[in-house]
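This report refers to the structure that appears directly beneath it.
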Amino acid sequence: MLYFSEIKGKKVISEDHVLVGYLDDLIFQASEFPQLTKLIIRLPNSQKIIIDIDALIKIKHDIIIKKKYNLSKLSENELYLVKNLLDKQIIDIKGHKVIRVNDVVIQYKESWYISGVDVGVLGLLRWIKLEKFFKNLYELFGWKMKSIFLSWADIQPLELARGQVFLKKKEEKLQKIRSEDLADYLEKTTIRNVKKVIDTLNTQYSAEVLQNLNINYQSAIFRSFPPEKAAQFLEVIDSDEVVDILLAVGYKKRQLIIPFLSESKKQEVIYLLDLSKTSIGKLITSEYFYVDSQMTVFQILNRIKTETTDFSSLNYIYVINQEKQLIGVINLHELLLQSDDVVVFKFMTQNVIVVHLTTPEEIVVKKMLKYHLVALPVIDVNKKILGIITLDDVGDFILKQWI
């Protein structure tokens, strides 16, 4: 058994004793048996090459490889050990918390593979070569330091692009995590992986998680569900949220889902859908402020000073990507708490509460009151901001309905 911290940076030498470079990273197959497939070697000139694991002869004081080796590259369903796994977050379902991978355990059995990860303090001490010192120190007091080891059998890759992993434990353990927190975490992954997690949960908890996802994830997931399954989740979601989801999935999918709802739910949803025929476009204001996701706090503050002098108020700052799609929101207080060089995507709220041109005024107001918001962005089918609706804009409707 080897820890990756013990071999990273080791000399890589050919079988004829020629220095090739130094071990920089490993590549492994993202599967139930995570076999190592390639070595990444940093050459003396600092360039990096990838070679097949077949060239590896042995790992001892140095790493010995064959004199003739083939250059390679990352393939589908492969991950970098350092870039995609080491120091990345995993969900510890047993402990109901998010923790980090501090070291990776490698073993050989017919082939080289990853057998698990170390998430304890010893994993960190191993990197700075202080593991033995602290173990001896603890033993002086009769204590023992142990690695906190998680077997690969208990984890699976959750997102190839980001290299996040998810512990496979009993679903009742996962459900002790707050639905809002799990939703926030899942929004950092792909739709495919969100569906995998949702499938392991009971309907009630799944619905709570789905309700806390942003509308982009909601619409994509519900479009992929069979109508009957979609209706099961919608049955336990608030009706105003159901309407927004049904509007986002499109007319054809909506017509397939509605017949599977219970009679009482169906009547309530149809009533709210009828209200949605009333356009709220006349209430939209173009007085809103948006920034690129790569901008720093310093850049944003400078833009606010020069571009919002005529604004009557500025409650929220919306964040867009390169395609001009809405991906986040921050308020002024959150902005002022950050250092000048922090990039906005690192602290923005990704779960943006939005409305559409077809959203009824009643639902707009309910969303504002439910989430304690004074303005909501209106987006089109391409997730681009059309404008915002403020609490003042729906003031007349509030007066008519509740006063």
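Scheme for the structure tokens: letters A, B, ... for chains in order shown; per-chain residue numbers from 1; ligand numbers from 1 in order shown.
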
Exercise. Counting only C-alpha atoms, what is within 10 Å of region 385-398 of chain A, bar same-chain residues fewer than 5 positions away, as a ChimeraX atom specification?
Worked result: /A:280-290,315,318,320,324-326,354-357,361-362,364-365,368-369,373-380,403

Could the residues in this selection be saved with N, CA and C atoms as a short mmCIF file (atom, residue, chain, number, x, y, z; two decimals), in the first residue's frame?
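Final output, out29.cif:
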data_model
loop_
_atom_site.label_atom_id
_atom_site.label_comp_id
_atom_site.auth_asym_id
_atom_site.auth_seq_id
_atom_site.Cartn_x
_atom_site.Cartn_y
_atom_site.Cartn_z
N ILE A 280 -46.85 39.89 -17.51
CA ILE A 280 -46.32 40.86 -16.54
C ILE A 280 -45.27 41.76 -17.19
N GLY A 281 -45.19 41.66 -18.51
CA GLY A 281 -44.20 42.44 -19.23
C GLY A 281 -44.32 43.94 -18.99
N LYS A 282 -45.55 44.42 -18.80
CA LYS A 282 -45.76 45.87 -18.60
C LYS A 282 -45.21 46.34 -17.26
N LEU A 283 -44.90 45.39 -16.36
CA LEU A 283 -44.39 45.76 -15.03
C LEU A 283 -42.86 45.77 -14.96
N ILE A 284 -42.23 45.27 -16.02
CA ILE A 284 -40.78 45.13 -15.99
C ILE A 284 -40.08 46.49 -16.04
N THR A 285 -39.02 46.61 -15.23
CA THR A 285 -38.16 47.79 -15.30
C THR A 285 -36.78 47.39 -15.81
N SER A 286 -36.18 48.25 -16.59
CA SER A 286 -34.84 47.97 -17.12
C SER A 286 -33.75 48.53 -16.22
N GLU A 287 -34.13 49.04 -15.07
CA GLU A 287 -33.16 49.61 -14.13
C GLU A 287 -32.61 48.51 -13.24
N TYR A 288 -31.69 47.77 -13.80
CA TYR A 288 -31.03 46.72 -13.03
C TYR A 288 -29.55 46.69 -13.41
N PHE A 289 -28.75 46.06 -12.56
CA PHE A 289 -27.30 46.08 -12.73
C PHE A 289 -26.79 44.65 -12.80
N TYR A 290 -25.98 44.37 -13.82
CA TYR A 290 -25.43 43.01 -13.94
C TYR A 290 -23.94 43.09 -14.23
N ASN A 315 -30.67 47.08 -5.23
CA ASN A 315 -30.80 46.05 -4.19
C ASN A 315 -29.96 44.81 -4.49
N TYR A 318 -26.82 41.22 -10.44
CA TYR A 318 -27.00 39.94 -11.11
C TYR A 318 -25.73 39.57 -11.86
N ILE A 320 -23.87 37.23 -14.82
CA ILE A 320 -24.12 36.51 -16.07
C ILE A 320 -22.85 35.82 -16.55
N LYS A 324 -24.34 35.49 -21.72
CA LYS A 324 -25.28 36.48 -21.19
C LYS A 324 -26.42 35.84 -20.41
N GLN A 325 -26.23 34.60 -19.95
CA GLN A 325 -27.27 33.91 -19.18
C GLN A 325 -27.11 34.21 -17.69
N LEU A 326 -28.22 34.33 -17.00
CA LEU A 326 -28.21 34.60 -15.56
C LEU A 326 -27.74 33.36 -14.81
N VAL A 354 -36.23 33.31 -9.85
CA VAL A 354 -36.57 34.06 -11.05
C VAL A 354 -38.06 33.93 -11.37
N VAL A 355 -38.53 34.76 -12.28
CA VAL A 355 -39.87 34.64 -12.84
C VAL A 355 -39.76 34.80 -14.36
N HIS A 356 -40.87 34.49 -15.04
CA HIS A 356 -40.91 34.59 -16.50
C HIS A 356 -42.00 35.56 -16.93
N LEU A 357 -42.03 35.87 -18.19
CA LEU A 357 -43.08 36.76 -18.71
C LEU A 357 -44.47 36.19 -18.47
N GLU A 361 -48.92 37.47 -11.61
CA GLU A 361 -48.53 38.44 -10.59
C GLU A 361 -48.66 37.86 -9.20
N GLU A 362 -49.68 37.04 -9.00
CA GLU A 362 -49.89 36.45 -7.68
C GLU A 362 -48.69 35.62 -7.25
N VAL A 364 -45.61 36.00 -8.45
CA VAL A 364 -44.48 36.93 -8.27
C VAL A 364 -44.48 37.45 -6.84
N VAL A 365 -45.64 37.89 -6.39
CA VAL A 365 -45.77 38.43 -5.03
C VAL A 365 -45.47 37.36 -3.99
N MET A 368 -41.79 36.84 -3.72
CA MET A 368 -41.13 37.94 -3.01
C MET A 368 -41.31 37.81 -1.50
N LEU A 369 -42.53 37.48 -1.10
CA LEU A 369 -42.81 37.36 0.34
C LEU A 369 -42.15 36.11 0.92
N LEU A 373 -37.68 38.98 -0.71
CA LEU A 373 -36.99 39.71 -1.77
C LEU A 373 -37.77 40.96 -2.14
N VAL A 374 -37.05 41.98 -2.54
CA VAL A 374 -37.72 43.23 -2.96
C VAL A 374 -37.69 43.37 -4.48
N ALA A 375 -37.06 42.44 -5.17
CA ALA A 375 -37.03 42.45 -6.63
C ALA A 375 -36.75 41.06 -7.15
N LEU A 376 -37.27 40.76 -8.33
CA LEU A 376 -37.05 39.46 -8.96
C LEU A 376 -36.65 39.68 -10.42
N PRO A 377 -35.66 38.93 -10.91
CA PRO A 377 -35.30 39.04 -12.33
C PRO A 377 -36.30 38.28 -13.20
N VAL A 378 -36.62 38.84 -14.35
CA VAL A 378 -37.47 38.18 -15.32
C VAL A 378 -36.57 37.66 -16.44
N ILE A 379 -36.64 36.37 -16.70
CA ILE A 379 -35.77 35.79 -17.73
C ILE A 379 -36.59 35.19 -18.87
N ASP A 380 -35.94 35.03 -20.03
CA ASP A 380 -36.61 34.40 -21.16
C ASP A 380 -36.24 32.92 -21.22
N ILE A 403 -55.38 44.04 0.78
CA ILE A 403 -55.72 45.18 1.66
C ILE A 403 -57.17 45.58 1.44
#

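Assigned to helix (DSSP H, G or I) in region 43-117 of chain A, given DSSP computed from backbone atoms, are Ile53, Asp54, Ala55, Leu81, Val82, Lys83 and Asn84 of chain A.
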
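Remark: for Ile237 (chain A), the closest of the candidate residues A:Asp103, A:Glu110, A:Glu208, A:Glu139 is A:Glu208 (distances computed over only C-alpha atoms).
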
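Separating CA of Lys229 (chain A) from CA of Ile215 (chain A) is a distance of 18.1 Å.
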
For this session: Have a look at A:Leu130, A:Val20, A:Val121, A:Ile317 and name the one nearest to Lys146 (chain A); count only C-alpha atoms.
Result: A:Val121
